[in-house]
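To keep things clear, I will list the structure first and then write my remarks on it.
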Amino acid sequence: MKTDERRARIREVHRRLVQEGPPWTRDREADFDTVTVPERDCDQLRDLLVAEGAQTVVEVGLAYASSALAIGEALVAVNAPRPRHVIIDPFQERDWSNAGWDLLRRAGLDTIASLMLAPSSIALPQLLTEGLVADAAFVDGSHRFHEVFVDLYFLRKIVRPGGLIVIDDTWAPSVRTAVHYYERNLGWTVIPDAFPSEDSTAAAADSPTEPATRCKAIRLPNPSFEPSFEDFHAF
Ligand SMILES: C[S@@+](CC[C@H](N)C(=O)[O-])C[C@H]1O[C@@H](n2cnc3c(N)ncnc32)[C@H](O)[C@@H]1O
């Protein structure tokens, strides 16, 4: 199948997901809308990864697969010889009835994606030990401070120097604080305007120095470095 046809198939699955919702949801009110990454952010994520020429992407948190479809479409668009999408979610079978994975299969993306049914704190060190090098990562997993912090600790070693880490839900203090450590201490820089907000009032609701955007795209330093413990900056 040609790249255009593969992309059209993915877009059709995503379009139906946006319009009709997933075939199965958890028994919670408006669960899909609450949990999944909105279409606009997915499109921005896809475009960013295409511009990056990403060939290997690690994703934490599958749920209903909106972001996974966007990442998969980007990988197909880049059309590298061996694209790889490693997805980590310990609860995809147990809590999500494989809803996200079934959508990826429907989109024909199971040929490039693999799913690790383990917590990211276990799966990421395993990938590091295996020697995986990624161009980019997308983090939308547990949202607990300590777990996001650990995800970023390992992703910093898995994503190549100069690569990209995109973090969802940075409006949450737990997520935002974890990211802050790496920004203040490890040379991570925010890519401005990677996820332009439609609603400027959302930005005004938060601190004047830290707009309340949803996704944040970070560029890792190149070369990577380890600071002295004496250079610690509180975050
Ligand atoms: C907000 S949802 C992800 C939404 C998804 N990006 C989408 O667009 O539909 C969070 C996901 O993280 C998963 N999760 C929770 N704890 C995790 C952990 N420790 N490691 C990896 N994934 C985790 C949950 O099972 C859930 O699927």
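Chain labels follow the order of the structure tokens: the first chain is A, the next B, and so on; residue numbering restarts at 1 in every chain, and ligands are counted from 1 in their shown order.
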Within 10 Å of ligand 1, counting only C-alpha atoms and all ligand atoms, residues as a PyMOL selection string: chain A and resi 22+32-39+41-42+59-70+87-96+98-100+116-124+138-144+147-148+150-151+168-169
So which residues of chain A fall under strand (DSSP E or B) by DSSP, listed as a CSV table (one decimal) with C-alpha atoms, in the first residue's frame?
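Dumped everything to part_8.csv:
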```csv
chain,number,residue,atom,x,y,z
A,56,THR,CA,11.4,6.1,16.2
A,57,VAL,CA,8.9,7.3,18.8
A,58,VAL,CA,8.2,6.1,22.3
A,59,GLU,CA,4.7,6.8,23.7
A,60,VAL,CA,3.6,6.5,27.4
A,84,ARG,CA,9.1,2.2,15.1
A,85,HIS,CA,6.4,3.2,17.6
A,86,VAL,CA,6.8,1.8,21.0
A,87,ILE,CA,3.7,2.3,23.2
A,88,ILE,CA,3.7,1.6,27.0
A,113,ALA,CA,3.7,-0.2,16.6
A,114,SER,CA,4.4,-2.5,19.6
A,115,LEU,CA,2.6,-2.4,22.9
A,116,MET,CA,4.3,-3.0,26.3
A,134,ALA,CA,14.3,7.3,19.8
A,135,ASP,CA,13.9,10.6,17.9
A,136,ALA,CA,11.0,11.6,20.0
A,137,ALA,CA,8.7,10.7,22.9
A,138,PHE,CA,5.1,11.6,23.9
A,139,VAL,CA,4.2,11.4,27.6
A,159,VAL,CA,15.6,10.0,23.2
A,160,ARG,CA,18.8,11.1,21.3
A,161,PRO,CA,20.5,14.4,22.1
A,162,GLY,CA,18.7,17.1,20.3
A,163,GLY,CA,15.6,15.0,20.1
A,164,LEU,CA,12.1,15.9,21.1
A,165,ILE,CA,9.9,15.1,24.2
A,166,VAL,CA,6.3,16.2,24.1
A,167,ILE,CA,4.4,16.2,27.4
A,189,THR,CA,14.2,24.1,26.1
A,190,VAL,CA,10.6,24.6,25.3
A,216,LYS,CA,4.5,21.2,25.8
A,217,ALA,CA,7.3,20.3,23.3
A,218,ILE,CA,10.8,20.2,24.6
A,219,ARG,CA,14.1,20.0,22.8
```
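For Ala8 (chain A), the non-local neighbours within 12 Å, defined as residues at least 4 positions apart in the same chain or in other chains and counting only C-alpha atoms, are Met1, Lys2, Thr3, Asp4, Glu12, Val13, His14, Arg15, Leu69, Gly72, Glu73, Val76, Ala77, Ala107 and Gly108 of chain A.
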Kindly give the distance, in Å, that separates CA of Leu104 (chain A) and CA of Trp24 (chain A), rounded to a single decimal.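 Separation between CA of Leu104 (chain A) and CA of Trp24 (chain A): 14.0 Å.
As for CA of Val133 (chain A) and CA of Leu103 (chain A), they are spaced 26.1 Å apart.
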Could you state the separation of CA of Leu49 (chain A) and CA of Arg9 (chain A) in Å, given to one decimal place?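 Computing the Euclidean distance for CA of Leu49 (chain A) and CA of Arg9 (chain A) yields 18.8 Å.
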